[in-house]
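Structure data follow from work.cif (mmCIF, C-alpha atoms):
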data_target
loop_
_atom_site.group_PDB
_atom_site.id
_atom_site.type_symbol
_atom_site.label_atom_id
_atom_site.label_comp_id
_atom_site.auth_asym_id
_atom_site.auth_seq_id
_atom_site.Cartn_x
_atom_site.Cartn_y
_atom_site.Cartn_z
ATOM 1 C CA MET A 1 17.349 16.722 12.289
ATOM 2 C CA ARG A 2 16.111 13.862 14.461
ATOM 3 C CA TYR A 3 12.900 14.025 16.511
ATOM 4 C CA THR A 4 11.839 11.677 19.289
ATOM 5 C CA ASP A 5 8.261 11.400 18.004
ATOM 6 C CA LEU A 6 5.761 12.976 15.628
ATOM 7 C CA THR A 7 4.410 15.283 18.293
ATOM 8 C CA GLN A 8 7.826 16.897 18.781
ATOM 9 C CA PHE A 9 8.272 17.292 15.018
ATOM 10 C CA ILE A 10 4.828 18.823 14.532
ATOM 11 C CA THR A 11 5.336 21.238 17.417
ATOM 12 C CA ALA A 12 8.574 22.438 15.839
ATOM 13 C CA HIS A 13 7.378 22.606 12.224
ATOM 14 C CA ARG A 14 3.619 23.152 12.093
ATOM 15 C CA ALA A 15 4.072 26.186 9.826
ATOM 16 C CA LEU A 16 6.274 24.160 7.474
ATOM 17 C CA LEU A 17 3.704 21.382 7.230
ATOM 18 C CA THR A 18 0.915 23.690 6.116
ATOM 19 C CA LYS A 19 2.919 24.779 3.052
ATOM 20 C CA GLY A 20 3.283 21.322 1.478
ATOM 21 C CA PRO A 21 3.534 19.236 -0.489
ATOM 22 C CA VAL A 22 4.612 16.891 2.305
ATOM 23 C CA CYS A 23 6.081 13.436 1.680
ATOM 24 C CA LEU A 24 5.772 10.889 4.493
ATOM 25 C CA ILE A 25 8.034 7.816 4.147
ATOM 26 C CA MET A 26 7.671 4.917 6.576
ATOM 27 C CA VAL A 27 10.826 2.771 6.811
ATOM 28 C CA GLU A 28 9.890 -0.834 7.609
ATOM 29 C CA ASP A 29 13.356 -2.255 6.883
ATOM 30 C CA MET A 30 16.625 -0.987 5.405
ATOM 31 C CA VAL A 31 15.916 -2.005 1.810
ATOM 32 C CA GLU A 32 16.404 0.909 -0.634
ATOM 33 C CA VAL A 33 15.842 3.605 1.980
ATOM 34 C CA ALA A 34 18.292 6.021 0.367
ATOM 35 C CA SER A 35 16.910 5.561 -3.148
ATOM 36 C CA THR A 36 13.364 6.103 -1.889
ATOM 37 C CA ILE A 37 14.324 9.391 -0.245
ATOM 38 C CA VAL A 38 16.364 10.600 -3.229
ATOM 39 C CA HIS A 39 13.577 9.760 -5.686
ATOM 40 C CA HIS A 40 11.041 11.857 -3.795
ATOM 41 C CA LEU A 41 13.495 14.701 -3.299
ATOM 42 C CA ARG A 42 13.903 14.812 -7.079
ATOM 43 C CA LEU A 43 10.136 15.017 -7.542
ATOM 44 C CA GLY A 44 10.194 18.313 -5.658
ATOM 45 C CA PHE A 45 8.524 17.641 -2.318
ATOM 46 C CA ARG A 46 9.136 20.621 -0.026
ATOM 47 C CA THR A 47 9.118 18.584 3.175
ATOM 48 C CA ILE A 48 10.097 14.928 3.561
ATOM 49 C CA VAL A 49 9.367 13.223 6.874
ATOM 50 C CA VAL A 50 11.046 9.847 7.386
ATOM 51 C CA LEU A 51 9.503 7.630 10.061
ATOM 52 C CA MET A 52 11.896 4.944 11.282
ATOM 53 C CA PRO A 53 13.109 3.111 14.393
ATOM 54 C CA ASP A 54 15.646 4.941 16.547
ATOM 55 C CA GLU A 55 18.332 2.261 16.257
ATOM 56 C CA VAL A 56 18.389 2.220 12.448
ATOM 57 C CA ALA A 57 21.178 4.195 10.763
ATOM 58 C CA LEU A 58 20.537 6.748 8.035
ATOM 59 C CA ASP A 59 23.134 8.309 5.756
ATOM 60 C CA PRO A 60 24.189 11.639 7.370
ATOM 61 C CA ASP A 61 23.881 13.462 4.032
ATOM 62 C CA LEU A 62 20.260 12.355 3.748
ATOM 63 C CA GLU A 63 19.503 13.009 7.399
ATOM 64 C CA ALA A 64 20.592 16.605 6.794
ATOM 65 C CA VAL A 65 17.894 17.197 4.154
ATOM 66 C CA VAL A 66 14.939 15.297 5.659
ATOM 67 C CA HIS A 67 13.142 15.289 8.984
ATOM 68 C CA ARG A 68 13.823 11.998 10.731
ATOM 69 C CA VAL A 69 11.185 10.987 13.275
ATOM 70 C CA VAL A 70 11.442 8.019 15.634
ATOM 71 C CA PHE A 71 8.341 5.882 15.155
ATOM 72 C CA ASP A 72 7.072 2.374 15.896
ATOM 73 C CA VAL A 73 6.653 1.351 12.268
ATOM 74 C CA HIS A 74 5.557 -2.197 13.133
ATOM 75 C CA ALA A 75 2.599 -1.231 15.316
ATOM 76 C CA ASP A 76 -0.865 -2.138 14.050
ATOM 77 C CA ASN A 77 -2.022 0.383 11.440
ATOM 78 C CA ALA A 78 1.147 2.408 11.962
ATOM 79 C CA MET A 79 0.797 4.253 8.658
ATOM 80 C CA MET A 80 -2.788 5.252 9.391
ATOM 81 C CA ALA A 81 -1.819 6.638 12.805
ATOM 82 C CA ALA A 82 1.027 8.679 11.306
ATOM 83 C CA VAL A 83 -0.989 10.024 8.377
ATOM 84 C CA ASN A 84 -3.884 11.015 10.611
ATOM 85 C CA GLN A 85 -1.594 12.866 12.992
ATOM 86 C CA ILE A 86 0.058 14.717 10.116
ATOM 87 C CA ASN A 87 -3.357 15.489 8.632
ATOM 88 C CA ASP A 88 -4.463 17.237 11.812
ATOM 89 C CA ALA A 89 -1.421 19.516 11.687
ATOM 90 C CA ALA A 90 -1.281 20.235 7.946
ATOM 91 C CA THR A 91 -4.757 21.552 7.117
ATOM 92 C CA GLY A 92 -4.938 22.651 3.481
ATOM 93 C CA ALA A 93 -1.592 21.122 2.465
ATOM 94 C CA TRP A 94 -1.066 18.246 0.047
ATOM 95 C CA VAL A 95 0.288 15.114 1.717
ATOM 96 C CA TYR A 96 1.697 11.949 0.120
ATOM 97 C CA TYR A 97 2.644 8.792 2.006
ATOM 98 C CA CYS A 98 4.548 5.626 1.091
ATOM 99 C CA TYR A 99 6.887 2.961 2.454
ATOM 100 C CA ASN A 100 10.572 2.425 1.684
ATOM 101 C CA ALA A 101 11.276 0.766 -1.681
ATOM 102 C CA GLU A 102 8.235 2.548 -3.132
ATOM 103 C CA TYR A 103 8.501 5.244 -5.796
ATOM 104 C CA LEU A 104 5.814 7.711 -6.838
ATOM 105 C CA MET A 105 5.438 8.286 -10.573
ATOM 106 C CA PHE A 106 2.855 10.465 -12.304
ATOM 107 C CA PRO A 107 2.309 11.448 -15.952
ATOM 108 C CA PHE A 108 5.358 13.292 -17.322
ATOM 109 C CA CYS A 109 7.092 13.335 -13.933
ATOM 110 C CA GLU A 110 10.433 13.415 -15.744
ATOM 111 C CA THR A 111 9.823 17.057 -16.683
ATOM 112 C CA ARG A 112 7.156 18.224 -14.200
ATOM 113 C CA THR A 113 7.439 18.555 -10.432
ATOM 114 C CA VAL A 114 4.956 17.181 -7.952
ATOM 115 C CA GLY A 115 4.047 20.800 -7.162
ATOM 116 C CA ASP A 116 3.167 21.406 -10.835
ATOM 117 C CA MET A 117 0.998 18.321 -10.885
ATOM 118 C CA LEU A 118 -0.839 19.120 -7.655
ATOM 119 C CA SER A 119 -1.473 22.721 -8.687
ATOM 120 C CA PHE A 120 -3.184 21.412 -11.815
ATOM 121 C CA HIS A 121 -5.123 18.798 -9.833
ATOM 122 C CA ALA A 122 -6.333 21.455 -7.388
ATOM 123 C CA GLU A 123 -7.519 23.627 -10.276
ATOM 124 C CA GLU A 124 -9.741 20.723 -11.280
ATOM 125 C CA ARG A 125 -11.343 20.953 -7.812
ATOM 126 C CA ARG A 126 -9.885 17.660 -6.652
ATOM 127 C CA ASP A 127 -8.676 17.129 -3.078
ATOM 128 C CA ALA A 128 -7.280 13.621 -3.423
ATOM 129 C CA MET A 129 -5.694 11.388 -6.034
ATOM 130 C CA LEU A 130 -6.067 7.690 -6.695
ATOM 131 C CA THR A 131 -2.788 5.816 -7.048
ATOM 132 C CA TYR A 132 -2.245 2.258 -8.202
ATOM 133 C CA VAL A 133 0.355 0.309 -6.234
ATOM 134 C CA VAL A 134 2.226 -1.315 -9.118
ATOM 135 C CA ASP A 135 4.247 -4.331 -8.021
ATOM 136 C CA LEU A 136 7.915 -4.388 -8.983
ATOM 137 C CA TYR A 137 10.109 -7.470 -8.574
ATOM 138 C CA ALA A 138 13.612 -8.589 -9.467
ATOM 139 C CA GLY A 139 13.885 -10.757 -12.551
ATOM 140 C CA ASP A 140 16.520 -13.001 -10.990
ATOM 141 C CA LEU A 141 15.753 -14.122 -7.436
ATOM 142 C CA ASN A 142 19.013 -16.037 -7.194
ATOM 143 C CA ALA A 143 20.949 -12.787 -7.631
ATOM 144 C CA ASN A 144 18.442 -10.789 -5.539
ATOM 145 C CA PRO A 145 16.919 -13.098 -2.894
ATOM 146 C CA ASN A 146 14.807 -10.301 -1.390
ATOM 147 C CA ALA A 147 13.279 -9.654 -4.849
ATOM 148 C CA VAL A 148 14.510 -6.055 -4.932
ATOM 149 C CA SER A 149 16.706 -4.685 -7.726
ATOM 150 C CA LEU A 150 16.492 -1.238 -9.278
ATOM 151 C CA THR A 151 18.493 -2.373 -12.317
ATOM 152 C CA ASP A 152 16.648 -5.686 -12.870
ATOM 153 C CA ALA A 153 13.130 -4.570 -11.943
ATOM 154 C CA HIS A 154 10.185 -6.148 -13.733
ATOM 155 C CA VAL A 155 6.471 -5.359 -13.843
ATOM 156 C CA ASP A 156 3.363 -7.211 -15.030
ATOM 157 C CA ARG A 157 2.073 -5.781 -18.287
ATOM 158 C CA THR A 158 -1.358 -7.464 -18.006
ATOM 159 C CA GLY A 159 -3.566 -9.032 -15.352
ATOM 160 C CA TYR A 160 -5.160 -5.930 -13.830
ATOM 161 C CA TYR A 161 -8.888 -5.547 -13.298
ATOM 162 C CA ALA A 162 -11.433 -3.540 -11.315
ATOM 163 C CA LEU A 163 -14.599 -4.443 -9.420
ATOM 164 C CA GLY A 164 -17.376 -2.151 -8.267
ATOM 165 C CA ARG A 165 -16.960 -1.109 -4.646
ATOM 166 C CA LYS A 166 -20.051 -2.200 -2.717
ATOM 167 C CA ASP A 167 -21.763 0.216 -0.330
ATOM 168 C CA ALA A 168 -22.844 -1.604 2.834
ATOM 169 C CA ALA A 169 -25.036 1.371 3.807
ATOM 170 C CA ASN A 170 -26.966 1.257 0.503
ATOM 171 C CA ASN A 171 -28.000 -2.370 0.088
ATOM 172 C CA HIS A 172 -24.542 -3.166 -1.297
ATOM 173 C CA HIS A 173 -25.060 -1.209 -4.500
ATOM 174 C CA PRO A 174 -21.793 -0.037 -6.112
ATOM 175 C CA LYS A 175 -20.472 3.252 -4.839
ATOM 176 C CA GLU A 176 -20.360 6.118 -7.315
ATOM 177 C CA ARG A 177 -16.951 6.583 -9.016
ATOM 178 C CA GLN A 178 -15.251 4.083 -6.716
ATOM 179 C CA LEU A 179 -13.642 0.793 -7.731
ATOM 180 C CA ASP A 180 -11.515 -1.880 -6.104
ATOM 181 C CA PHE A 181 -8.479 -2.560 -8.288
ATOM 182 C CA HIS A 182 -6.616 -5.876 -8.379
ATOM 183 C CA GLY A 183 -3.612 -7.357 -10.141
ATOM 184 C CA GLY A 184 0.135 -7.826 -9.888
ATOM 185 C CA LEU A 185 1.725 -10.181 -7.401
ATOM 186 C CA ARG A 186 -1.215 -9.997 -4.996
ATOM 187 C CA TRP A 187 -3.405 -11.463 -7.744
ATOM 188 C CA ARG A 188 -0.941 -14.035 -9.087
ATOM 189 C CA PHE A 189 0.026 -15.268 -5.616
ATOM 190 C CA GLU A 190 -3.283 -14.648 -3.886
ATOM 191 C CA GLU A 191 -3.062 -17.898 -1.910
ATOM 192 C CA TYR A 192 -0.338 -16.226 0.188
ATOM 193 C CA VAL A 193 -2.173 -12.903 0.600
ATOM 194 C CA SER A 194 -5.073 -12.242 2.948
ATOM 195 C CA TRP A 195 -8.221 -11.259 1.031
ATOM 196 C CA THR A 196 -8.259 -7.953 2.921
ATOM 197 C CA LYS A 197 -4.818 -7.090 1.478
ATOM 198 C CA ARG A 198 -5.374 -7.891 -2.212
ATOM 199 C CA LYS A 199 -6.444 -4.450 -3.455
ATOM 200 C CA ILE A 200 -3.766 -2.444 -5.261
ATOM 201 C CA ASP A 201 -5.429 0.975 -5.033
ATOM 202 C CA ARG A 202 -4.510 3.603 -2.462
ATOM 203 C CA ILE A 203 -5.503 7.183 -1.985
ATOM 204 C CA SER A 204 -1.834 8.082 -1.527
ATOM 205 C CA ILE A 205 -2.096 11.812 -2.207
ATOM 206 C CA PHE A 206 -4.630 14.017 -0.450
ATOM 207 C CA ARG A 207 -5.254 17.495 0.865
ATOM 208 C CA ALA A 208 -5.284 17.590 4.663
ATOM 209 C CA LYS A 209 -8.633 18.463 6.169
ATOM 210 C CA PRO A 210 -9.934 18.727 9.764
ATOM 211 C CA GLY A 211 -11.453 15.466 10.953
ATOM 212 C CA LEU A 212 -10.295 13.455 7.938
ATOM 213 C CA ARG A 213 -9.131 9.908 8.721
ATOM 214 C CA LEU A 214 -7.172 7.344 6.714
ATOM 215 C CA LEU A 215 -8.660 3.868 7.149
ATOM 216 C CA PRO A 216 -6.809 0.527 7.215
ATOM 217 C CA ASP A 217 -7.769 -0.188 3.585
ATOM 218 C CA TYR A 218 -6.048 3.043 2.425
ATOM 219 C CA THR A 219 -9.309 4.877 1.810
ATOM 220 C CA PHE A 220 -10.573 7.932 3.683
ATOM 221 C CA THR A 221 -13.619 8.711 5.769
ATOM 222 C CA GLU A 222 -14.529 11.426 3.222
ATOM 223 C CA GLU A 223 -16.156 9.472 0.373
ATOM 224 C CA GLU A 224 -15.301 11.991 -2.346
ATOM 225 C CA TYR A 225 -11.613 11.477 -1.528
ATOM 226 C CA ASN A 226 -12.007 7.815 -2.559
ATOM 227 C CA THR A 227 -13.280 8.504 -6.070
ATOM 228 C CA PHE A 228 -11.073 8.017 -9.127
ATOM 229 C CA ALA A 229 -12.473 11.046 -10.983
ATOM 230 C CA CYS A 230 -14.916 13.908 -10.734
ATOM 231 C CA PRO A 231 -18.414 13.522 -12.299
ATOM 232 C CA TRP A 232 -17.517 15.517 -15.421
ATOM 233 C CA HIS A 233 -14.370 13.978 -16.888
ATOM 234 C CA HIS A 234 -11.357 11.811 -16.165
ATOM 235 C CA ASN A 235 -8.813 13.135 -13.675
ATOM 236 C CA LEU A 236 -5.143 12.502 -13.109
ATOM 237 C CA THR A 237 -4.106 9.312 -11.387
ATOM 238 C CA ALA A 238 -0.600 8.248 -10.391
ATOM 239 C CA ALA A 239 1.330 5.070 -9.608
ATOM 240 C CA VAL A 240 3.312 3.968 -6.573
ATOM 241 C CA CYS A 241 5.886 1.567 -8.002
ATOM 242 C CA SER A 242 6.519 -0.788 -5.128
ATOM 243 C CA PHE A 243 8.776 -3.687 -4.174
ATOM 244 C CA ARG A 244 6.844 -4.083 -0.898
ATOM 245 C CA THR A 245 4.720 -7.093 -1.901
ATOM 246 C CA ALA A 246 7.656 -8.878 -3.518
ATOM 247 C CA LYS A 247 9.720 -8.341 -0.357
ATOM 248 C CA ALA A 248 6.919 -9.691 1.810
ATOM 249 C CA LEU A 249 6.399 -12.799 -0.312
ATOM 250 C CA ARG A 250 10.130 -13.539 -0.122
ATOM 251 C CA THR A 251 10.250 -12.904 3.644
ATOM 252 C CA ASN A 252 7.139 -14.599 4.984
ATOM 253 C CA PRO A 253 7.733 -18.268 5.948
ATOM 254 C CA GLY A 254 4.553 -19.434 4.200
ATOM 255 C CA SER A 255 5.698 -18.275 0.759
ATOM 256 C CA ARG A 256 9.483 -17.860 0.976
ATOM 257 C CA PHE A 257 10.356 -21.411 -0.047
ATOM 258 C CA GLU A 258 7.448 -21.862 -2.453
ATOM 259 C CA ILE A 259 8.293 -18.974 -4.794
ATOM 260 C CA THR A 260 11.486 -19.283 -6.832
ATOM 261 C CA ASN A 261 10.600 -16.892 -9.645
ATOM 262 C CA PHE A 262 8.178 -13.957 -9.987
ATOM 263 C CA ARG A 263 8.520 -13.731 -13.768
ATOM 264 C CA TRP A 264 5.832 -15.130 -16.071
ATOM 265 C CA ARG A 265 4.879 -14.742 -19.728
ATOM 266 C CA ASN A 266 3.476 -11.251 -19.103
ATOM 267 C CA SER A 267 6.486 -9.857 -17.233
ATOM 268 C CA THR A 268 8.405 -7.020 -18.818
ATOM 269 C CA PRO A 269 11.439 -5.022 -17.683
ATOM 270 C CA PHE A 270 10.483 -1.858 -15.834
ATOM 271 C CA GLU A 271 11.848 1.201 -17.627
ATOM 272 C CA TRP A 272 11.440 3.763 -14.820
ATOM 273 C CA GLN A 273 9.576 6.015 -17.254
ATOM 274 C CA SER A 274 6.070 7.392 -16.793
ATOM 275 C CA GLN A 275 5.250 6.719 -20.458
ATOM 276 C CA GLN A 276 5.534 2.971 -19.877
ATOM 277 C CA LEU A 277 2.956 3.184 -17.079
ATOM 278 C CA LEU A 278 0.673 5.288 -19.267
ATOM 279 C CA ASP A 279 0.983 2.769 -22.111
ATOM 280 C CA LEU A 280 0.114 -0.076 -19.738
ATOM 281 C CA GLY A 281 -2.934 1.809 -18.464
ATOM 282 C CA LEU A 282 -1.547 1.998 -14.937
ATOM 283 C CA MET A 283 -2.163 5.710 -14.610
ATOM 284 C CA GLU A 284 -4.394 8.273 -16.245
ATOM 285 C CA PRO A 285 -3.313 11.695 -17.564
ATOM 286 C CA GLY A 286 -6.840 13.099 -17.535
ATOM 287 C CA GLN A 287 -6.729 16.676 -18.793
ATOM 288 C CA TRP A 288 -3.063 16.973 -17.767
ATOM 289 C CA PHE A 289 -0.848 18.666 -20.331
#
What is this structure when it is put down as structure tokens?
Amino acid sequence: MRYTDLTQFITAHRALLTKGPVCLIMVEDMVEVASTIVHHLRLGFRTIVVLMPDEVALDPDLEAVVHRVVFDVHADNAMMAAVNQINDAATGAWVYYCYNAEYLMFPFCETRTVGDMLSFHAEERRDAMLTYVVDLYAGDLNANPNAVSLTDAHVDRTGYYALGRKDAANNHHPKERQLDFHGGLRWRFEEYVSWTKRKIDRISIFRAKPGLRLLPDYTFTEEEYNTFACPWHHNLTAAVCSFRTAKALRTNPGSRFEITNFRWRNSTPFEWQSQQLLDLGLMEPGQWF
């Protein structure tokens, strides 16, 4: 069903939102919209909300199984505004957000549902989950000028690092259990990326809570939500496998004609398997079984 705005959708489905897990997909363009929706349906999300412009077409079969909401996806901090509005209506529910051409993967997601994973995470007294935004890109930009190809996707196997996250309120000492992660295309092509956009970590999965706010750097106002693990042991992390940076670098005038190939000596074909991401250290199983 189609809704004219988020307010209308929330009014109609507040009870549905509180059950979760909820998947929020923001459609910035028409690249791989269907595959993004299908991927998250297969993971087992109970409710999928697709935010997109009114004039953009969506396959009727998909529109029948998701909630389509008209939204200004190109407004400043559009994702933050949408997530915060959903948060206020979905207290206690798990919420995940992403853009089109992004695909959530977590340890053993081939045989476990997102509900299984979040039930385990909740039992570990965690209310949020760190995700790494892992850049995907087409191996052949001549065949795929927008850098997007599900069948020729590549990923960097090295070049990732973390820095301590400084606390401005505490004489810039590092924050406890918080890191800023870097790597992928934003690191290799940093001259085309604003320094405020170079982090590859997001808190993409969280439990809605009154007063909670998502900030423009994809962290939350609740500091514990921004930690990668609890104080006692490692916790689950997940990956958002994303063509978004590759698309942007091939679209923006400043980089479009300068980049003819994203592959380098440390590129490897992406296998669309969680084990590959585990082997590369791009997500953490924690105590997950």
### Query
Can you list, as a list of chain:residue names, every protein, DNA or RNA residue that comes within 10 Å of Arg265 (chain A) when you count all atoms listed in the file, leaving out same-chain residues fewer than 3 positions away?
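So the residues in contact are A:Asp156, A:Arg157, A:Thr158, A:Thr268.
Counting all atoms listed in the file and comparing A:Gly184, A:Asp127, A:Val148, A:Thr47, the residue that lies closest to Ser204 (chain A) is A:Asp127.
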### Message
I'd like the interatomic distance between CA of Val134 (chain A) and CA of His154 (chain A), to a tenth of an Å.
### Response
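It comes out at 10.4 Å.
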Compile a residue-level contact table for region 215-251 of chain A against region 173-181 of chain A at a cut-off of 10 Å, reporting for every qualifying residue the shortest atom pair and its distance in Å to one decimal, with all atoms listed in the file counted, rows ordered by chain and ascending number, as CSV.
residue,atom,partner,partner_atom,distance
A:Glu223,CA,A:Gln178,CA,9.0
A:Glu224,CA,A:Arg177,CA,8.7
A:Tyr225,CA,A:Gln178,CA,9.7
A:Asn226,CA,A:Gln178,CA,6.5
A:Thr227,CA,A:Gln178,CA,4.9
A:Phe228,CA,A:Arg177,CA,6.1
A:Ala229,CA,A:Arg177,CA,6.6
A:Cys230,CA,A:Arg177,CA,7.8
A:Pro231,CA,A:Arg177,CA,7.8
### Query
Of the residues A:Val114, A:Asp72, A:Tyr99, A:Pro107, which is the one nearest to Val22 (chain A), using only C-alpha atoms?
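Ranked by minimum distance to Val22 (chain A), first place goes to A:Val114.
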At a cut-off of 12 Å from (18.1, -8.5, -3.4) in the coordinates of the file, what residues are picked up using all atoms listed in the file, written as a tab-separated table (two decimals) with C-alpha atoms, keeping the file's coordinate frame?
chain	number	residue	atom	x	y	z
A	30	MET	CA	16.62	-0.99	5.40
A	31	VAL	CA	15.92	-2.00	1.81
A	32	GLU	CA	16.40	0.91	-0.63
A	101	ALA	CA	11.28	0.77	-1.68
A	137	TYR	CA	10.11	-7.47	-8.57
A	138	ALA	CA	13.61	-8.59	-9.47
A	139	GLY	CA	13.88	-10.76	-12.55
A	140	ASP	CA	16.52	-13.00	-10.99
A	141	LEU	CA	15.75	-14.12	-7.44
A	142	ASN	CA	19.01	-16.04	-7.19
A	143	ALA	CA	20.95	-12.79	-7.63
A	144	ASN	CA	18.44	-10.79	-5.54
A	145	PRO	CA	16.92	-13.10	-2.89
A	146	ASN	CA	14.81	-10.30	-1.39
A	147	ALA	CA	13.28	-9.65	-4.85
A	148	VAL	CA	14.51	-6.06	-4.93
A	149	SER	CA	16.71	-4.68	-7.73
A	150	LEU	CA	16.49	-1.24	-9.28
A	151	THR	CA	18.49	-2.37	-12.32
A	152	ASP	CA	16.65	-5.69	-12.87
A	153	ALA	CA	13.13	-4.57	-11.94
A	243	PHE	CA	8.78	-3.69	-4.17
A	246	ALA	CA	7.66	-8.88	-3.52
A	247	LYS	CA	9.72	-8.34	-0.36
A	250	ARG	CA	10.13	-13.54	-0.12
A	251	THR	CA	10.25	-12.90	3.64
#### Entry: Neighbour list for Val95 (chain A) as a list in words, cut-off 8 Å, only C-alpha atoms, skip fewer than 4 positions in-chain
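Skipping anything fewer than 4 positions along the chain leaves Gly20, Pro21, Val22, Cys23, Leu24, Asn87, Ile205, Phe206, Arg207 and Ala208 of chain A.
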### Query
CA of Val66 (chain A) and CA of Ile48 (chain A) are how many Å apart?
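Going from CA of Val66 (chain A) over to CA of Ile48 (chain A) covers 5.3 Å.
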### Length of the CA of Thr245 (chain A) to CA of Trp187 (chain A) vector [Å]
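Computing the Euclidean distance for CA of Thr245 (chain A) and CA of Trp187 (chain A) yields 10.9 Å.
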### Message
Suppose a student applies the PyMOL selection byres ((chain A and resi 118) around 12) to this structure; what residues should they get, written as an NGL selection string?
### Response
:A and (20-22 or 43-45 or 93-96 or 106-107 or 109 or 112-117 or 119-129 or 205-207 or 235-238 or 288)
#### Entry: Pick from A:Asp167, A:Glu271, A:Asp29, A:Glu258, whichever lies nearest to Pro53 (chain A) using only C-alpha atoms
A:Asp29
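Every protein or nucleic acid residue with an atom no more than 9 Å from region 57-64 of chain A, counting all atoms listed in the file and leaving out same-chain residues fewer than 3 positions away, appears here: Met1, Arg2, Met30, Val33, Ala34, Ile37, Val38, Pro53, Asp54, His67 and Arg68 of chain A.
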Could you work out an axis-aligned bounding box for all listed atoms of region 16-19 of chain A, with 3 Å added on each of the six sides, and give its centre and edge lengths in Å to one decimal, as lines of an AutoDock Vina configuration file?
center_x = 3.6
center_y = 23.1
center_z = 5.3
size_x = 11.4
size_y = 9.4
size_z = 10.4
